[in-house]
Structure formats: structure tokens, C-alpha cells
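K.L.:
Just one file: model-v5.cif, with mmCIF, C-alpha atoms and all ligand atoms.
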data_protein
#
loop_
_atom_site.label_atom_id
_atom_site.label_comp_id
_atom_site.auth_asym_id
_atom_site.auth_seq_id
_atom_site.Cartn_x
_atom_site.Cartn_y
_atom_site.Cartn_z
CA MET A 918 -10.16 38.85 44.35
CA LYS A 919 -10.47 35.65 42.31
CA ARG A 920 -12.59 33.01 44.02
CA ARG A 921 -9.95 30.25 44.12
CA LYS A 922 -7.37 32.64 45.47
CA PHE A 923 -9.89 33.77 48.03
CA LEU A 924 -10.26 30.23 49.32
CA GLN A 925 -6.54 29.53 49.22
CA ASN A 926 -6.01 32.57 51.42
CA ALA A 927 -8.27 31.16 54.10
CA SER A 928 -6.29 30.04 57.09
CA LEU A 929 -5.61 26.29 56.98
CA SER A 930 -6.33 26.04 60.66
CA THR A 931 -9.92 27.01 59.98
CA LEU A 932 -10.55 24.42 57.26
CA GLY A 933 -13.69 22.52 58.09
CA MET A 934 -15.46 25.46 59.64
CA VAL A 935 -18.77 26.24 58.06
CA ALA A 936 -19.26 29.73 56.68
CA THR A 937 -21.25 32.00 58.92
CA ALA A 938 -24.57 33.48 57.94
CA SER A 939 -23.21 36.97 58.38
CA VAL A 940 -21.13 36.75 55.22
CA ILE A 941 -23.68 34.98 53.04
CA GLY A 942 -24.96 36.97 50.13
CA CYS A 943 -21.86 39.04 49.27
CA LYS A 944 -21.69 39.00 45.49
CA ASN A 945 -18.35 38.52 43.78
CA SER A 946 -19.12 40.69 40.81
CA THR A 947 -16.24 39.49 38.64
CA GLU A 948 -17.33 35.87 38.65
CA ASN A 949 -21.04 36.12 39.34
CA THR A 950 -20.89 33.61 42.17
CA THR A 951 -21.97 34.17 45.72
CA VAL A 952 -19.06 34.38 48.11
CA ILE A 953 -19.93 32.53 51.26
CA ALA A 954 -16.54 32.24 52.91
CA SER A 955 -14.98 34.94 54.97
CA ALA A 956 -11.23 35.29 55.46
CA ASN A 957 -11.30 32.95 58.42
CA THR A 958 -13.72 30.30 57.24
CA ALA A 959 -13.75 27.67 54.50
CA ILE A 960 -16.44 25.73 52.81
CA GLN A 961 -17.23 22.22 53.85
CA PRO A 962 -18.42 20.01 50.98
CA ILE A 963 -21.48 17.89 51.63
CA VAL A 964 -23.73 15.49 49.74
CA ILE A 965 -27.27 14.49 50.71
CA ALA A 966 -29.48 12.04 48.83
CA THR A 967 -32.85 10.37 49.22
CA TRP A 968 -32.98 6.75 50.41
CA LEU A 969 -30.20 4.29 51.23
CA VAL A 970 -27.77 5.07 48.43
CA PRO A 971 -24.30 4.91 50.00
CA ASN A 972 -22.55 4.08 46.73
CA ALA A 973 -24.10 7.08 45.04
CA THR A 974 -23.17 9.51 47.81
CA ALA A 975 -19.67 7.97 47.96
CA LYS A 976 -19.20 8.64 44.25
CA ALA A 977 -20.41 12.22 44.61
CA TRP A 978 -18.13 12.73 47.59
CA GLU A 979 -15.15 11.38 45.62
CA VAL A 980 -15.85 13.96 42.90
CA LEU A 981 -15.97 16.75 45.49
CA GLN A 982 -12.78 15.53 47.18
CA ASN A 983 -11.00 15.68 43.82
CA GLY A 984 -11.98 19.35 43.52
CA GLY A 985 -14.95 18.68 41.25
CA THR A 986 -18.04 20.84 41.13
CA ALA A 987 -21.31 20.05 42.85
CA LEU A 988 -22.83 19.67 39.37
CA ASP A 989 -20.37 16.90 38.42
CA ALA A 990 -20.85 15.32 41.84
CA VAL A 991 -24.64 15.04 41.66
CA GLU A 992 -24.56 13.80 38.08
CA GLN A 993 -21.99 11.10 38.75
CA GLY A 994 -23.64 10.13 42.03
CA CYS A 995 -27.00 9.63 40.33
CA MET A 996 -25.39 7.61 37.54
CA ILE A 997 -24.41 4.96 40.10
CA GLU A 998 -28.07 4.26 40.89
CA GLU A 999 -29.13 4.47 37.24
CA ALA A 1000 -26.68 1.67 36.40
CA ASP A 1001 -27.61 -0.48 39.41
CA LEU A 1002 -29.91 -3.25 38.17
CA LYS A 1003 -31.00 -4.00 41.73
CA ASN A 1004 -32.55 -0.55 42.04
CA VAL A 1005 -36.01 -1.10 40.54
CA SER A 1006 -37.07 2.53 40.64
CA VAL A 1007 -34.21 4.29 38.85
CA GLY A 1008 -32.53 3.81 35.47
CA LYS A 1009 -31.88 0.41 33.95
CA GLY A 1010 -33.81 -2.25 35.85
CA GLY A 1011 -36.57 0.18 36.78
CA LEU A 1012 -40.06 -1.28 36.89
CA PRO A 1013 -42.07 -0.57 33.71
CA ASP A 1014 -45.39 1.12 33.01
CA ARG A 1015 -48.59 -0.88 32.52
CA ASP A 1016 -47.57 -1.74 28.95
CA GLY A 1017 -44.21 -3.13 30.02
CA ASN A 1018 -42.13 -0.13 28.88
CA VAL A 1019 -39.52 1.38 31.20
CA THR A 1020 -39.76 5.17 30.91
CA LEU A 1021 -37.41 7.46 32.79
CA ASP A 1022 -37.61 11.06 34.06
CA ALA A 1023 -34.66 13.16 35.26
CA CYS A 1024 -33.54 16.71 35.88
CA ILE A 1025 -30.47 18.61 36.96
CA MET A 1026 -29.99 22.19 38.17
CA ASP A 1027 -26.78 24.14 38.62
CA LYS A 1028 -25.50 26.99 40.76
CA ASP A 1029 -26.51 29.60 38.19
CA GLY A 1030 -30.12 28.49 38.05
CA ASN A 1031 -29.69 26.63 34.77
CA TYR A 1032 -31.90 23.61 34.48
CA GLY A 1033 -32.27 20.66 32.14
CA ALA A 1034 -34.76 17.81 32.16
CA VAL A 1035 -35.96 14.83 30.18
CA MET A 1036 -39.20 12.96 30.62
CA CYS A 1037 -40.70 9.69 29.49
CA VAL A 1038 -37.45 8.53 27.90
CA GLN A 1039 -36.99 4.90 26.83
CA ASN A 1040 -33.83 2.93 26.02
CA ILE A 1041 -31.27 5.28 27.61
CA THR A 1042 -29.87 4.42 31.04
CA HIS A 1043 -28.16 7.65 32.07
CA VAL A 1044 -31.00 10.10 31.74
CA ILE A 1045 -29.37 12.37 34.32
CA SER A 1046 -26.53 12.95 31.86
CA LEU A 1047 -29.05 13.40 29.07
CA ALA A 1048 -30.79 16.07 31.19
CA ARG A 1049 -27.42 17.79 31.62
CA LYS A 1050 -26.91 17.72 27.84
CA VAL A 1051 -30.32 19.36 27.38
CA MET A 1052 -29.23 22.06 29.84
CA GLU A 1053 -25.83 22.62 28.26
CA LYS A 1054 -26.30 21.89 24.55
CA THR A 1055 -29.81 23.03 23.63
CA PRO A 1056 -31.76 26.28 23.84
CA HIS A 1057 -34.47 24.38 25.76
CA VAL A 1058 -34.92 23.13 29.31
CA ILE A 1059 -37.09 20.03 28.82
CA LEU A 1060 -37.16 17.36 26.11
CA ALA A 1061 -39.73 14.57 26.19
CA GLY A 1062 -40.16 11.08 24.77
CA LYS A 1063 -38.86 10.30 21.29
CA GLY A 1064 -37.35 13.74 20.85
CA ALA A 1065 -35.27 13.34 24.00
CA GLU A 1066 -34.25 9.84 22.97
CA GLU A 1067 -33.17 10.92 19.47
CA PHE A 1068 -31.24 13.84 20.93
CA GLY A 1069 -29.51 11.33 23.22
CA TYR A 1070 -28.35 9.19 20.31
CA GLU A 1071 -27.06 12.30 18.54
CA GLN A 1072 -25.07 13.06 21.68
CA GLY A 1073 -23.56 9.57 21.71
CA PHE A 1074 -25.80 7.81 24.25
CA LYS A 1075 -26.15 4.05 23.78
CA LYS A 1076 -29.50 2.41 22.98
CA GLU A 1077 -30.19 -0.22 25.64
CA ASN A 1078 -32.99 -2.48 26.75
CA LEU A 1079 -33.88 -1.16 30.22
CA LEU A 1080 -36.31 -3.96 31.13
CA THR A 1081 -34.41 -6.64 33.03
CA GLU A 1082 -35.68 -10.21 33.29
CA SER A 1083 -36.62 -9.72 36.94
CA SER A 1084 -38.53 -6.48 36.25
CA LYS A 1085 -40.32 -8.24 33.39
CA LYS A 1086 -41.24 -11.08 35.72
CA ALA A 1087 -42.57 -8.64 38.33
CA TRP A 1088 -44.62 -6.83 35.67
CA LYS A 1089 -46.11 -10.10 34.38
CA LYS A 1090 -47.10 -11.00 37.92
CA TRP A 1091 -48.66 -7.56 38.39
CA LYS A 1092 -50.63 -8.02 35.15
CA GLU A 1093 -52.40 -11.04 36.61
CA THR A 1094 -54.52 -8.63 38.66
CA SER A 1095 -53.54 -5.29 37.09
CA GLN A 1096 -54.45 -3.58 40.32
CA TYR A 1097 -52.97 -0.12 40.50
CA LYS A 1098 -52.37 0.61 44.15
CA PRO A 1099 -48.78 1.71 44.82
CA ILE A 1100 -47.40 0.32 48.05
CA ILE A 1101 -46.01 2.97 50.37
CA ASN A 1102 -42.19 2.97 50.48
CA ILE A 1103 -42.02 0.09 48.01
CA GLU A 1104 -43.70 0.88 44.72
CA ASN A 1105 -43.53 4.59 45.41
CA HIS A 1106 -40.11 4.42 47.01
CA ASP A 1107 -38.65 5.79 43.90
CA THR A 1108 -36.54 8.69 43.05
CA ILE A 1109 -32.98 9.38 43.88
CA GLY A 1110 -32.74 13.10 44.54
CA MET A 1111 -29.27 14.42 45.37
CA LEU A 1112 -28.01 17.82 46.54
CA ALA A 1113 -24.36 18.84 46.98
CA ILE A 1114 -22.24 21.77 48.05
CA ASP A 1115 -18.73 21.82 46.61
CA SER A 1116 -15.54 23.36 47.99
CA PHE A 1117 -16.35 26.59 46.13
CA GLY A 1118 -19.51 26.82 48.23
CA ASP A 1119 -21.78 26.31 45.25
CA ILE A 1120 -24.90 24.15 45.27
CA SER A 1121 -26.30 21.88 42.55
CA GLY A 1122 -28.91 19.15 42.50
CA ALA A 1123 -30.15 16.22 40.45
CA CYS A 1124 -33.09 13.87 40.44
CA THR A 1125 -33.67 10.65 38.45
CA THR A 1126 -36.39 8.00 38.47
CA SER A 1127 -38.38 5.43 36.54
CA GLY A 1128 -41.41 6.89 38.32
CA LEU A 1129 -44.27 4.94 39.75
CA SER A 1130 -44.33 1.27 38.89
CA TYR A 1131 -47.13 0.27 36.52
CA LYS A 1132 -48.08 3.88 35.81
CA MET A 1133 -50.18 4.73 32.75
CA ALA A 1134 -48.20 5.07 29.53
CA GLY A 1135 -47.04 8.67 29.17
CA ARG A 1136 -47.36 9.49 32.86
CA VAL A 1137 -44.80 12.01 34.11
CA GLY A 1138 -44.18 12.63 37.79
CA ASP A 1139 -42.61 15.45 39.76
CA SER A 1140 -38.99 14.47 39.22
CA PRO A 1141 -38.29 16.29 35.93
CA ILE A 1142 -40.39 19.33 36.80
CA ILE A 1143 -38.48 22.34 38.06
CA GLY A 1144 -39.62 23.40 41.52
CA SER A 1145 -41.48 20.15 42.19
CA GLY A 1146 -38.93 17.31 42.17
CA LEU A 1147 -35.95 19.63 42.54
CA PHE A 1148 -35.07 23.25 43.08
CA ILE A 1149 -31.78 25.03 43.67
CA ASP A 1150 -31.12 28.65 44.52
CA ASN A 1151 -27.40 29.05 45.06
CA GLU A 1152 -27.94 32.00 47.39
CA ILE A 1153 -30.29 30.06 49.66
CA GLY A 1154 -30.12 26.26 49.29
CA GLY A 1155 -31.78 23.36 47.53
CA ALA A 1156 -34.48 20.74 48.00
CA THR A 1157 -35.59 17.55 46.30
CA ALA A 1158 -38.51 15.17 46.64
CA THR A 1159 -39.39 11.51 46.57
CA GLY A 1160 -42.67 9.63 46.71
CA MET A 1161 -45.99 10.20 45.01
CA GLY A 1162 -45.15 12.68 42.28
CA GLU A 1163 -48.72 13.81 41.70
CA GLU A 1164 -48.90 15.16 45.26
CA VAL A 1165 -45.50 16.86 45.09
CA LEU A 1166 -46.50 18.52 41.81
CA LYS A 1167 -49.62 20.03 43.35
CA THR A 1168 -47.57 21.67 46.08
CA VAL A 1169 -44.47 22.59 44.00
CA GLY A 1170 -42.73 21.20 47.05
CA SER A 1171 -39.04 21.78 46.35
CA PHE A 1172 -39.52 25.41 45.35
CA LEU A 1173 -41.69 25.92 48.40
CA ILE A 1174 -38.94 24.60 50.68
CA VAL A 1175 -36.29 26.88 49.17
CA GLU A 1176 -38.61 29.86 49.53
CA LEU A 1177 -39.35 28.96 53.15
CA MET A 1178 -35.60 28.80 53.80
CA ARG A 1179 -35.27 32.21 52.15
CA GLN A 1180 -37.79 33.49 54.70
CA GLY A 1181 -35.61 32.20 57.52
CA LYS A 1182 -36.76 28.63 58.16
CA THR A 1183 -34.15 25.94 58.73
CA PRO A 1184 -34.06 23.11 56.16
CA GLN A 1185 -35.81 20.88 58.70
CA GLU A 1186 -38.58 23.38 59.41
CA ALA A 1187 -39.04 24.01 55.69
CA CYS A 1188 -39.34 20.28 54.88
CA GLU A 1189 -41.88 19.84 57.67
CA GLU A 1190 -43.99 22.75 56.40
CA ALA A 1191 -43.93 21.37 52.84
CA VAL A 1192 -45.09 17.93 54.01
CA ARG A 1193 -47.87 19.55 56.06
CA ARG A 1194 -49.04 21.42 52.93
CA VAL A 1195 -49.12 18.17 50.93
CA ILE A 1196 -51.14 16.52 53.68
CA LYS A 1197 -53.55 19.45 54.02
CA LYS A 1198 -54.33 19.41 50.30
CA SER A 1199 -54.87 15.67 50.24
CA GLY A 1200 -57.63 15.37 52.84
CA ASP A 1201 -57.55 11.78 54.04
CA ARG A 1202 -55.70 10.43 51.04
CA PHE A 1203 -52.27 10.99 52.60
CA LYS A 1204 -52.76 7.70 54.49
CA ASP A 1205 -52.20 5.90 51.19
CA PHE A 1206 -49.16 7.61 49.78
CA GLN A 1207 -45.67 8.60 50.77
CA VAL A 1208 -43.96 11.92 50.11
CA GLY A 1209 -40.54 12.80 51.48
CA PHE A 1210 -38.31 15.85 51.09
CA ILE A 1211 -34.67 16.55 51.82
CA ALA A 1212 -33.12 20.01 51.86
CA ILE A 1213 -29.84 21.79 52.39
CA ASN A 1214 -29.08 25.45 53.02
CA LYS A 1215 -26.10 27.54 52.05
CA GLN A 1216 -24.48 26.93 55.45
CA GLY A 1217 -24.59 23.16 54.86
CA GLU A 1218 -27.41 22.47 57.33
CA THR A 1219 -29.72 19.68 56.21
CA GLY A 1220 -33.31 18.64 56.80
CA ALA A 1221 -35.61 15.74 55.92
CA TYR A 1222 -39.25 14.99 56.56
CA CYS A 1223 -41.87 12.62 55.18
CA ILE A 1224 -45.45 11.50 55.72
CA HIS A 1225 -44.93 7.88 56.72
CA GLU A 1226 -42.18 6.09 58.59
CA TRP A 1227 -39.20 4.51 56.85
CA PHE A 1228 -38.10 7.14 54.43
CA ASN A 1229 -34.34 7.47 54.90
CA TYR A 1230 -31.51 9.45 53.38
CA ASN A 1231 -27.76 9.43 53.06
CA VAL A 1232 -25.46 12.28 54.07
CA TYR A 1233 -21.76 12.32 53.22
CA LYS A 1234 -19.83 15.01 55.07
CA GLN A 1235 -16.51 15.33 56.90
CA GLY A 1236 -15.42 12.05 55.34
CA GLU A 1237 -18.36 10.06 56.75
CA ASN A 1238 -21.15 8.46 54.78
CA ASN A 1239 -24.18 7.94 57.02
CA ASN A 1240 -27.77 6.89 56.51
CA TYR A 1241 -30.47 8.50 58.65
CA LYS A 1242 -34.08 7.68 59.25
CA SER A 1243 -36.24 10.68 58.43
CA ALA A 1244 -38.62 12.20 60.95
CA TYR A 1245 -42.21 11.60 59.84
CA PHE A 1246 -45.73 12.94 60.28
CA ASN A 1247 -48.03 9.94 60.54
CA LYS A 1248 -47.58 8.39 63.98
CA ALA A 1249 -50.85 6.46 63.68
N1 LIG A 1301 -41.44 10.93 42.63
C1 LIG A 1301 -41.30 10.28 41.40
C2 LIG A 1301 -42.54 10.07 40.68
O1 LIG A 1301 -43.63 10.20 41.22
O2 LIG A 1301 -42.46 9.76 39.51
#
Could you take the file, read its structure, and then write that structure out as C-alpha cells?
P.N.:
Amino acid sequence: MKRRKFLQNASLSTLGMVATASVIGCKNSTENTTVIASANTAIQPIVIATWLVPNATAKAWEVLQNGGTALDAVEQGCMIEEADLKNVSVGKGGLPDRDGNVTLDACIMDKDGNYGAVMCVQNITHVISLARKVMEKTPHVILAGKGAEEFGYEQGFKKENLLTESSKKAWKKWKETSQYKPIINIENHDTIGMLAIDSFGDISGACTTSGLSYKMAGRVGDSPIIGSGLFIDNEIGGATATGMGEEVLKTVGSFLIVELMRQGKTPQEACEEAVRRVIKKSGDRFKDFQVGFIAINKQGETGAYCIHEWFNYNVYKQGENNNYKSAYFNKA
């Protein structure tokens, strides 16, 4: 049975019910998607994103409500933050590296496990869309620096100055001391990571950032690296990270969370285990950096956990856009 027909046949009275675990994993061989609805259940779309980003989750939700895919939803949701000049850790307006250049990292992953990423890109605001172009229009999965930028222009992206006057001012002030010590939840309150389930029951995710403020030129964080900043497995769920990219990279945190969910952990339990692994590897250093994860499973359950207080995240579901404070490890 065709997937759309399958959903149309679901009883209207059951709309809003979340698919039960017992039916998860049945393959629809004709369309190569995982059927997660049974005859008496229907899929409930949901969006979850790192930090207080209500406009971004609202945009993604709007896409889902109009019957769009989770892939379109996460891309368009992330674009809201990339264009927001007040957001100094994503897209245009992001704080620069030590040399005063704004360099952006982004990645996107779809329901079929396709992945595209760009890293260290200058002069292009919507790097999430550029990452999607890499995924859809090239034989590669990652493009970096000048190559990514040139590919962007070929694809019609506009060349823009990403360094706003206020970011330039902040950088000049920083240069007075040039002390590199990221401030928890401020200078490493960075990435927007977004996960969504659409009305077909499919999961996609996206992640975009200007990375750590005043990083070394050429530095790349976790955000564009598959399995670290983002991972999606449409049979299981997805996860994405924020905070000190170097620490997420060493734990391959997002992949770890999806694998823990595969082994039966809830998204919350999986996020907590991933944070504990980051902490364990860091010795005492965890006191000086933040890492936070969010996750979603195929049933639409969510989880979030971080090292230090004040990481928060937005969830849009059942027509409501709410921000939640994440549970955290360090009660000291
Ligand atoms: N988590 C983003 C970064 O470290 O660049």
C-alpha cells in the first residue's frame, strides 16, 4: 500500500496518537521508508531545537503543518537563525575568529541517511542550504573553505559580508586582551541543532553555527561532522549537540546517543549517558566548558541533558511552541 494512502486510511478519530513501538520497524519495500503507523494510529509531527529559538521552531512547524518534509522543516527553521543578526553564534552576525573573519559550519541529514556538510565557509549566510546542496548536487558529503564558497556561488548563493558592526566591535574589544577563554553558555552557547519528525513519520536533522567565538583561523568544531554534531537514523531517532565542539568530537556524541536509543534507552537516558562520557573523558576540565545534547526517538519522545545549568531547548508539538530548561549534571 502506498504510504500516503496508508496514512489517509488511518481513522481520523485517532489523529494525534503516537505510533506504538510494536509496529516500528516494518519496512515498506516499495518506497524504502519505515512504516511507523498502524491502521489505528497516525504520526504526530514534532520539532525540537537547541536553545531559545521560538521563531526557528515556528518556521519548521509551519513547514510540517503545510505537509512539508522534516528535511524542508529543519532547513527552513535553521535559516531563520542564520539570518537573525542578533544571534551572534549562527550565520550572519556570528562572532568572528581571532583574525576577524566569520567562518560558518553546517550539516544536514535526511531520512535515508544522506548527509551534506560545509565547514569554514565565509561570505555565505545560509550555510545550511549550502550543506543541503552538497548533499543533493555533488558526489561528496563535505566541502570546506574556498571550495564550498565557490560551489555556493555556482549554485546561486549571494556573497555577503557576515561581520556586523556590533560583532566587529566585540572582536576589537576582545583583541585588547586576546584572552581565549570561552564563557560557558555565552561564548560557547552556539549552535542551533534541530530535529523534526514529519507527518510521514520520517526524521531529519540540521545543525548550523559560527562556532566558538575568537577561535583559531581554520578551526572546525563538531557541528559539520557526521555523528558528532548531528546524527539521524530514521529507524531509531536523531540527536544533535551544542557547546564545546572539541569535546563532542572526542565522544562522537550524537551517534552515541542514537546507538544507545537503538539499544533501548529513552532519548533522555541516552543524552545523560553521552554527557557522562564527555565528562569522564575530560577529567576536571568539564568545569570550564558546556556541552548539551537533545534527542528524539521514532515515537516522538524527546530528551535533553547538559553539563552546566542554563542550556535550554524549544519543542514545537501539538500546536504549542515551548521552551524548556534542560536537566544538567553539575550541581556544584
Ligand atoms: N558546537 C559548535 C562548535 O564547537 O563549533
K.L.:
Would you pick out the contacts of Gln982 in chain A at 10 Å or less, using only C-alpha atoms, so that residues sharing its chain but fewer than 3 positions from it are not included, and give the list as a list in words?
P.N.:
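Near neighbours after the sequence-gap exclusion: Pro962, Lys976, Ala977, Trp978, Glu979, Gly985, Thr986, Ala990, Asp1115, Ser1116 and Gly1236 of chain A.
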K.L.:
List all protein, DNA and RNA residues that have any atom at most 8 Å from ligand LIG 1301 (chain A), counting only C-alpha atoms and all ligand atoms, and write the list as a ChimeraX atom specification.
P.N.:
/A:1022,1105-1108,1126-1129,1137-1140,1146,1158-1163,1165,1208
K.L.:
So which one's closest to Met1036 in chain A, A:Asn1018, A:Gly1135, A:Thr974, A:Asn1229? Using all atoms listed in the file, please.
P.N.:
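With all atoms listed in the file as the atom set, the closest residue is A:Gly1135.
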K.L.:
Any idea what the distance is between CA of Cys1188 in chain A and CA of Ile1211 in chain A?
P.N.:
6.7 Å
K.L.:
Measuring atom to atom with all atoms listed in the file, identify which of A:Val1035, A:Val1005, A:Phe1203, A:Cys1024 is nearest to Gly1064 in chain A.
P.N.:
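Looking at the shortest contact to Gly1064 in chain A, the residue is A:Val1035.
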K.L.:
May I have the residues within 9 Å of Ile1143 in chain A as a PyMOL selection string, using all atoms listed in the file and disregarding those fewer than 3 positions away in the same chain?
P.N.:
chain A and resi 1024-1026+1032-1034+1139-1140+1146-1148+1169+1171-1172
K.L.:
Distance CA of Asn1238 in chain A-CA of Thr1183 in chain A, one decimal place?
P.N.:
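Computing it gives 22.1 Å between the two atoms.
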K.L.:
Set the distance at 7 Å and use all atoms listed in the file: which residues neighbour Lys1242 in chain A once local chain neighbours fewer than 5 positions away are removed? I'd like the list as a PyMOL selection string.
P.N.:
chain A and resi 1227-1230
K.L.:
Kindly give the distance, in Å, that separates CA of Thr1125 in chain A and CA of Lys1248 in chain A, rounded to a single decimal.
P.N.:
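Separation of CA of Thr1125 in chain A and CA of Lys1248 in chain A: 29.2 Å.
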K.L.:
Please identify all polymer residues within 9 Å of Tyr1131 in chain A, counting all atoms listed in the file, omitting same-chain residues fewer than 6 positions from it, and present them as a PyMOL selection string.
P.N.:
chain A and resi 1012-1017+1088+1091+1095+1097+1099+1104
